[in-house]
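Just protein_3.txt here, compact mmCIF, C-alpha atoms:
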```txt
# COMPACT_ATOMS: atom_id res chain seq x y z
CA MET A 1 11.14 -24.27 1.45
CA THR A 2 11.66 -21.49 3.94
CA ALA A 3 14.11 -22.19 6.75
CA VAL A 4 12.58 -22.22 10.22
CA ALA A 5 14.61 -21.39 13.30
CA VAL A 6 13.34 -23.03 16.46
CA PRO A 7 15.30 -22.93 19.74
CA ASP A 8 16.51 -26.40 20.79
CA PHE A 9 15.40 -27.94 17.51
CA GLN A 10 16.92 -28.66 14.14
CA THR A 11 15.09 -28.84 10.83
CA ARG A 12 15.77 -31.20 7.98
CA ASP A 13 14.02 -32.63 4.95
CA GLY A 14 11.68 -35.43 5.92
CA PRO A 15 11.83 -38.97 4.60
CA ALA A 16 10.15 -39.54 1.24
CA GLY A 17 6.42 -39.99 1.69
CA ALA A 18 6.35 -38.88 5.34
CA CYS A 19 4.44 -35.70 4.50
CA LEU A 20 2.97 -34.27 1.38
CA PRO A 21 5.27 -31.63 -0.17
CA PRO A 22 6.57 -29.23 0.96
CA THR A 23 8.09 -31.36 3.68
CA LEU A 24 9.52 -30.17 6.97
CA VAL A 25 10.26 -32.50 9.85
CA VAL A 26 11.31 -31.09 13.21
CA CYS A 27 13.41 -33.29 15.48
CA PRO A 28 15.00 -32.82 18.89
CA ASN A 29 18.71 -32.09 18.59
CA ASP A 30 19.47 -35.64 19.72
CA GLY A 31 18.10 -36.81 16.36
CA ALA A 32 15.17 -38.80 17.76
CA ALA A 33 12.15 -38.83 15.49
CA MET A 34 9.05 -36.84 16.39
CA PRO A 35 5.74 -38.71 16.58
CA ALA A 36 2.98 -38.19 14.02
CA PRO A 37 5.10 -37.64 10.89
CA SER A 38 1.99 -36.58 8.98
CA ASN A 39 2.13 -33.20 10.75
CA ILE A 40 4.40 -30.78 8.89
CA PHE A 41 5.61 -29.17 12.12
CA GLU A 42 5.23 -30.41 15.66
CA SER A 43 6.83 -28.94 18.76
CA THR A 44 6.88 -29.59 22.47
CA ALA A 45 9.42 -26.77 22.99
CA ALA A 46 8.54 -24.34 25.78
CA TYR A 47 8.71 -21.39 23.37
CA PHE A 48 9.14 -20.85 19.66
CA VAL A 49 8.41 -18.39 16.85
CA LEU A 50 7.33 -19.34 13.34
CA ALA A 51 7.29 -16.42 10.87
CA ASN A 52 7.07 -15.72 7.15
CA VAL A 53 6.44 -19.30 6.08
CA SER A 54 3.79 -21.13 4.08
CA LEU A 55 2.71 -24.62 5.19
CA LYS A 56 0.70 -26.50 2.59
CA ASN A 57 -0.92 -29.87 1.96
CA ALA A 58 -0.43 -31.61 5.31
CA ASP A 59 -2.34 -34.87 5.30
CA ARG A 60 -3.07 -34.24 8.99
CA ASN A 61 -2.16 -30.92 10.72
CA ALA A 62 0.19 -28.24 9.45
CA VAL A 63 1.35 -27.33 12.98
CA SER A 64 0.79 -29.08 16.30
CA VAL A 65 1.78 -26.99 19.33
CA GLY A 66 2.31 -29.20 22.34
CA GLY A 67 2.24 -32.34 20.21
CA LEU A 68 0.92 -35.57 21.65
CA ALA A 69 2.49 -34.78 25.01
CA CYS A 70 0.30 -31.72 25.83
CA PRO A 71 3.01 -30.23 28.08
CA SER A 72 2.17 -28.05 31.05
CA ASP A 73 3.39 -24.78 29.53
CA VAL A 74 3.20 -23.75 25.88
CA SER A 75 4.23 -20.41 24.37
CA ALA A 76 4.39 -19.73 20.65
CA VAL A 77 4.11 -16.91 18.12
CA PHE A 78 2.94 -17.31 14.52
CA ASP A 79 3.49 -14.21 12.39
CA HIS A 80 2.69 -14.06 8.67
CA VAL A 81 2.16 -17.82 8.38
CA ARG A 82 -0.05 -19.32 5.66
CA PHE A 83 -1.76 -22.58 6.70
CA GLU A 84 -3.22 -24.15 3.55
CA ASN A 85 -5.08 -27.35 2.64
CA SER A 86 -4.49 -29.35 5.84
CA GLY A 87 -6.51 -32.55 6.10
CA GLU A 88 -7.41 -31.92 9.75
CA SER A 89 -6.33 -28.52 11.12
CA GLY A 90 -3.99 -25.73 10.11
CA LEU A 91 -3.00 -25.25 13.76
CA VAL A 92 -3.63 -27.51 16.77
CA ILE A 93 -2.96 -26.18 20.29
CA CYS A 94 -2.65 -28.53 23.26
CA GLY A 95 -1.34 -27.77 26.75
CA SER A 96 -2.28 -28.45 30.35
CA GLY A 97 -0.83 -25.37 32.06
CA SER A 98 0.08 -21.85 31.05
CA ILE A 99 -0.82 -21.26 27.41
CA GLY A 100 0.44 -18.22 25.51
CA VAL A 101 -0.13 -18.54 21.76
CA GLN A 102 -0.38 -15.55 19.44
CA VAL A 103 -1.31 -15.78 15.76
CA ALA A 104 -0.89 -12.50 13.85
CA GLU A 105 -1.41 -11.53 10.22
CA SER A 106 -1.72 -15.15 9.12
CA ALA A 107 -4.00 -16.93 6.65
CA PHE A 108 -5.97 -20.16 7.03
CA VAL A 109 -7.08 -21.34 3.58
CA GLY A 110 -8.86 -24.56 2.61
CA ASN A 111 -8.17 -26.49 5.83
CA ALA A 112 -10.67 -28.90 7.39
CA ASN A 113 -10.42 -26.70 10.54
CA GLY A 114 -8.38 -23.51 10.79
CA ILE A 115 -7.40 -23.68 14.48
CA THR A 116 -8.29 -26.47 16.91
CA VAL A 117 -7.85 -26.05 20.67
CA VAL A 118 -7.76 -29.52 22.24
CA GLY A 119 -10.03 -30.32 25.20
CA GLY A 120 -8.38 -29.77 28.57
CA THR A 121 -6.41 -26.76 27.32
CA ASN A 122 -7.01 -23.36 28.92
CA ALA A 123 -7.79 -21.22 25.87
CA SER A 124 -7.68 -17.87 27.67
CA GLY A 125 -4.06 -17.26 26.59
CA ILE A 126 -4.74 -17.73 22.87
CA GLN A 127 -4.97 -14.63 20.64
CA VAL A 128 -5.66 -14.56 16.90
CA LEU A 129 -5.21 -11.08 15.41
CA GLU A 130 -5.57 -9.58 11.93
CA SER A 131 -5.73 -12.99 10.25
CA SER A 132 -8.05 -14.47 7.63
CA PHE A 133 -10.10 -17.67 7.46
CA VAL A 134 -11.52 -18.87 4.13
CA GLU A 135 -12.78 -22.10 2.60
CA THR A 136 -12.68 -24.25 5.76
CA SER A 137 -14.88 -27.34 5.56
CA GLY A 138 -15.30 -27.48 9.36
CA PHE A 139 -14.66 -24.62 11.78
CA ALA A 140 -12.39 -21.61 11.37
CA VAL A 141 -11.71 -21.83 15.13
CA ASP A 142 -12.76 -24.99 16.99
CA ASN A 143 -12.40 -24.41 20.74
CA ASP A 144 -12.91 -27.77 22.41
CA ALA A 145 -11.08 -26.46 25.50
CA ALA A 146 -12.48 -27.09 28.96
CA THR A 147 -11.89 -23.48 30.03
CA GLY A 148 -11.20 -20.06 28.56
CA THR A 149 -12.14 -18.09 25.48
CA VAL A 150 -10.03 -17.77 22.34
CA GLN A 151 -9.57 -14.05 21.61
CA ALA A 152 -10.09 -13.83 17.85
CA GLU A 153 -11.01 -10.21 17.20
CA ASP A 154 -10.22 -8.13 14.09
CA ASN A 155 -10.05 -11.09 11.70
CA TRP A 156 -11.58 -11.69 8.26
CA TRP A 157 -14.06 -14.57 8.40
CA GLY A 158 -14.63 -14.99 4.65
CA CYS A 159 -17.53 -12.53 4.48
CA ASN A 160 -18.61 -9.08 5.67
CA ALA A 161 -21.05 -10.54 8.25
CA GLY A 162 -18.25 -11.99 10.44
CA ALA A 163 -17.83 -15.40 12.06
CA ASN A 164 -20.98 -17.54 12.07
CA GLY A 165 -22.69 -15.08 9.70
CA THR A 166 -25.29 -16.24 7.22
CA ASP A 167 -23.72 -14.61 4.14
CA ALA A 168 -22.03 -16.79 1.52
CA GLY A 169 -18.47 -17.67 2.51
CA CYS A 170 -18.87 -16.91 6.24
CA GLN A 171 -16.72 -19.19 8.37
CA ALA A 172 -18.06 -20.81 11.54
CA THR A 173 -16.53 -21.04 15.01
CA TYR A 174 -17.24 -23.56 17.75
CA GLY A 175 -17.05 -23.14 21.52
CA ALA A 176 -15.93 -20.03 23.38
CA VAL A 177 -14.49 -17.75 20.66
CA ASP A 178 -14.63 -13.94 20.86
CA SER A 179 -14.72 -12.86 17.21
CA ASP A 180 -16.38 -9.43 17.60
CA PRO A 181 -15.33 -6.97 16.22
CA TRP A 182 -14.27 -8.42 12.88
CA VAL A 183 -12.81 -7.10 9.66
CA ALA A 184 -15.25 -6.37 6.82
CA ASP A 185 -14.43 -5.53 3.20
CA TYR A 186 -11.16 -7.48 3.29
```
If you convert what's in this file into structure tokens, what do you get?
Amino acid sequence: MTAVAVPDFQTRDGPAGACLPPTLVVCPNDGAAMPAPSNIFESTAAYFVLANVSLKNADRNAVSVGGLACPSDVSAVFDHVRFENSGESGLVICGSGSIGVQVAESAFVGNANGITVVGGTNASGIQVLESSFVETSGFAVDNDAATGTVQAEDNWWGCNAGANGTDAGCQATYGAVDSDPWVADY
């Protein structure tokens, strides 16, 4: 398991059975438990960076930004993160105010949905760059947000035709998602 440094948080091994392996539970420094233990990583911190880590086999979501609280301001960076085989979404983003989330050079493999933006979130501050989406059973990017467009240019969508293409392996998007231009011949 790769160590994750998050300001104002501590990491520890989760209780047996809380998450499918590998297990990472993030708790406030006061030791109180986070809700939804079936998420591998959940944060309501105002800002954090997650880099060079692989998150696999979450029975729910690999990462939930904003958590159940959907705070007013959310800012996060994901760099070289592999989200794999999550039962719901690799990454869930929820916030009611200023949203600044950047995903760079990351991979979404075999998740039900790659990225889900929860309704009521302003998606205009979400950027997904130079990442790949393959083998999702739902949507690569599911933007249920009330306002804003997810900027998801220069990504590999599982085929040379891009997001929502008709070629074999093409991954679909939902809602306002700008996926043009895309990477071909990945």
What is the atom CA of A:Trp182 to atom CA of A:Ala140 distance in Å? 13.4 Å
Here atom CA of A:Asn52 and atom CA of A:Ala184 stand apart by 24.2 Å
Contact table stretch 91-125 of chain A vs stretch 153-167 of chain A, cut-off 10 Å, shortest pair per residue, all atoms listed in the file, as a Markdown table:
```
| residue | atom | partner | partner_atom | distance |
| --- | --- | --- | --- | --- |
| A:Ala104 | CA | A:Asn155 | CA | 9.5 |
| A:Glu105 | CA | A:Asn155 | CA | 8.8 |
| A:Ser106 | CA | A:Asn155 | CA | 9.6 |
| A:Ala107 | CA | A:Trp156 | CA | 9.4 |
| A:Phe108 | CA | A:Trp157 | CA | 9.9 |
| A:Val109 | CA | A:Gly158 | CA | 9.9 |
```
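With all atoms listed in the file as the atoms that count, the minimum distance from A:Ser137 to the choices A:Thr149, A:Ser98, A:Ser86, A:Thr121 is reached by A:Ser86.
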Quick check, in Å to one decimal: how far apart do atom CA of A:Ala76 and atom CA of A:Asp180 lie? 23.4 Å
Mind giving me the axis-aligned box for stretch 156-164 of chain A with 3 Å on every side, centre plus edges in Å to one decimal, as lines of an AutoDock Vina configuration file?
```
center_x = -16.3
center_y = -13.3
center_z = 8.3
size_x = 15.5
size_y = 14.5
size_z = 13.6
```
Pick out the closest residue to A:Asn122 from this set: A:Ser64, A:Ser96, A:Ser54, A:Gln102. Count all atoms listed in the file. A:Ser96
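Remark: for A:Gly110, the closest of the candidate residues A:Glu135, A:Glu130, A:Glu88, A:Asp73 is A:Glu135 (distances computed over only C-alpha atoms).
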Spatial neighbours of A:Ile99, 6 Å, all atoms listed in the file, chain gap at least 2 places, as a VMD selection string: chain A and resid 73 to 75 125
When you look at A:Ser124 with a cut-off of 12 Å (counting all atoms listed in the file), what residues show up, excluding the ones that are within fewer than 3 positions of it in the same chain? I need them as an mmCIF file with C-alpha atoms, in the coordinates of the input.
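This is the output file out13.cif:
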```cif
data_model
loop_
_atom_site.group_PDB
_atom_site.id
_atom_site.type_symbol
_atom_site.label_atom_id
_atom_site.label_comp_id
_atom_site.auth_asym_id
_atom_site.auth_seq_id
_atom_site.Cartn_x
_atom_site.Cartn_y
_atom_site.Cartn_z
ATOM 1 C CA GLY A 95 -1.340 -27.770 26.750
ATOM 2 C CA GLY A 97 -0.830 -25.370 32.060
ATOM 3 C CA SER A 98 0.080 -21.850 31.050
ATOM 4 C CA ILE A 99 -0.820 -21.260 27.410
ATOM 5 C CA GLY A 100 0.440 -18.220 25.510
ATOM 6 C CA VAL A 101 -0.130 -18.540 21.760
ATOM 7 C CA GLN A 102 -0.380 -15.550 19.440
ATOM 8 C CA VAL A 117 -7.850 -26.050 20.670
ATOM 9 C CA GLY A 120 -8.380 -29.770 28.570
ATOM 10 C CA THR A 121 -6.410 -26.760 27.320
ATOM 11 C CA GLN A 127 -4.970 -14.630 20.640
ATOM 12 C CA VAL A 128 -5.660 -14.560 16.900
ATOM 13 C CA ASN A 143 -12.400 -24.410 20.740
ATOM 14 C CA ALA A 145 -11.080 -26.460 25.500
ATOM 15 C CA ALA A 146 -12.480 -27.090 28.960
ATOM 16 C CA THR A 147 -11.890 -23.480 30.030
ATOM 17 C CA GLY A 148 -11.200 -20.060 28.560
ATOM 18 C CA THR A 149 -12.140 -18.090 25.480
ATOM 19 C CA VAL A 150 -10.030 -17.770 22.340
ATOM 20 C CA GLN A 151 -9.570 -14.050 21.610
ATOM 21 C CA ALA A 152 -10.090 -13.830 17.850
ATOM 22 C CA ALA A 176 -15.930 -20.030 23.380
ATOM 23 C CA VAL A 177 -14.490 -17.750 20.660
ATOM 24 C CA ASP A 178 -14.630 -13.940 20.860
#
```
Pick from A:Asn57, A:Ser131, A:Asn85, A:Thr116: nearest to A:Thr173, with only C-alpha atoms counted?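 Between A:Asn57, A:Ser131, A:Asn85, A:Thr116, the residue approaching A:Thr173 most closely is A:Thr116.
Residues of protein, DNA and RNA with at least one atom no farther than 8 Å from (-8.2, -23.4, 13.1) are, using only C-alpha atoms, Ser89, Gly90, Leu91, Val92, Phe108, Asn111, Asn113, Gly114, Ile115, Thr116, Phe139, Ala140, Val141 and Asp142 of chain A.
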Let me make sure I understand: among A:Ala123, A:Tyr47, A:Ala58, A:Ala112, which one has the smallest atom-to-atom distance to A:Gln171 if we use only C-alpha atoms?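 Closest candidate: A:Ala112.
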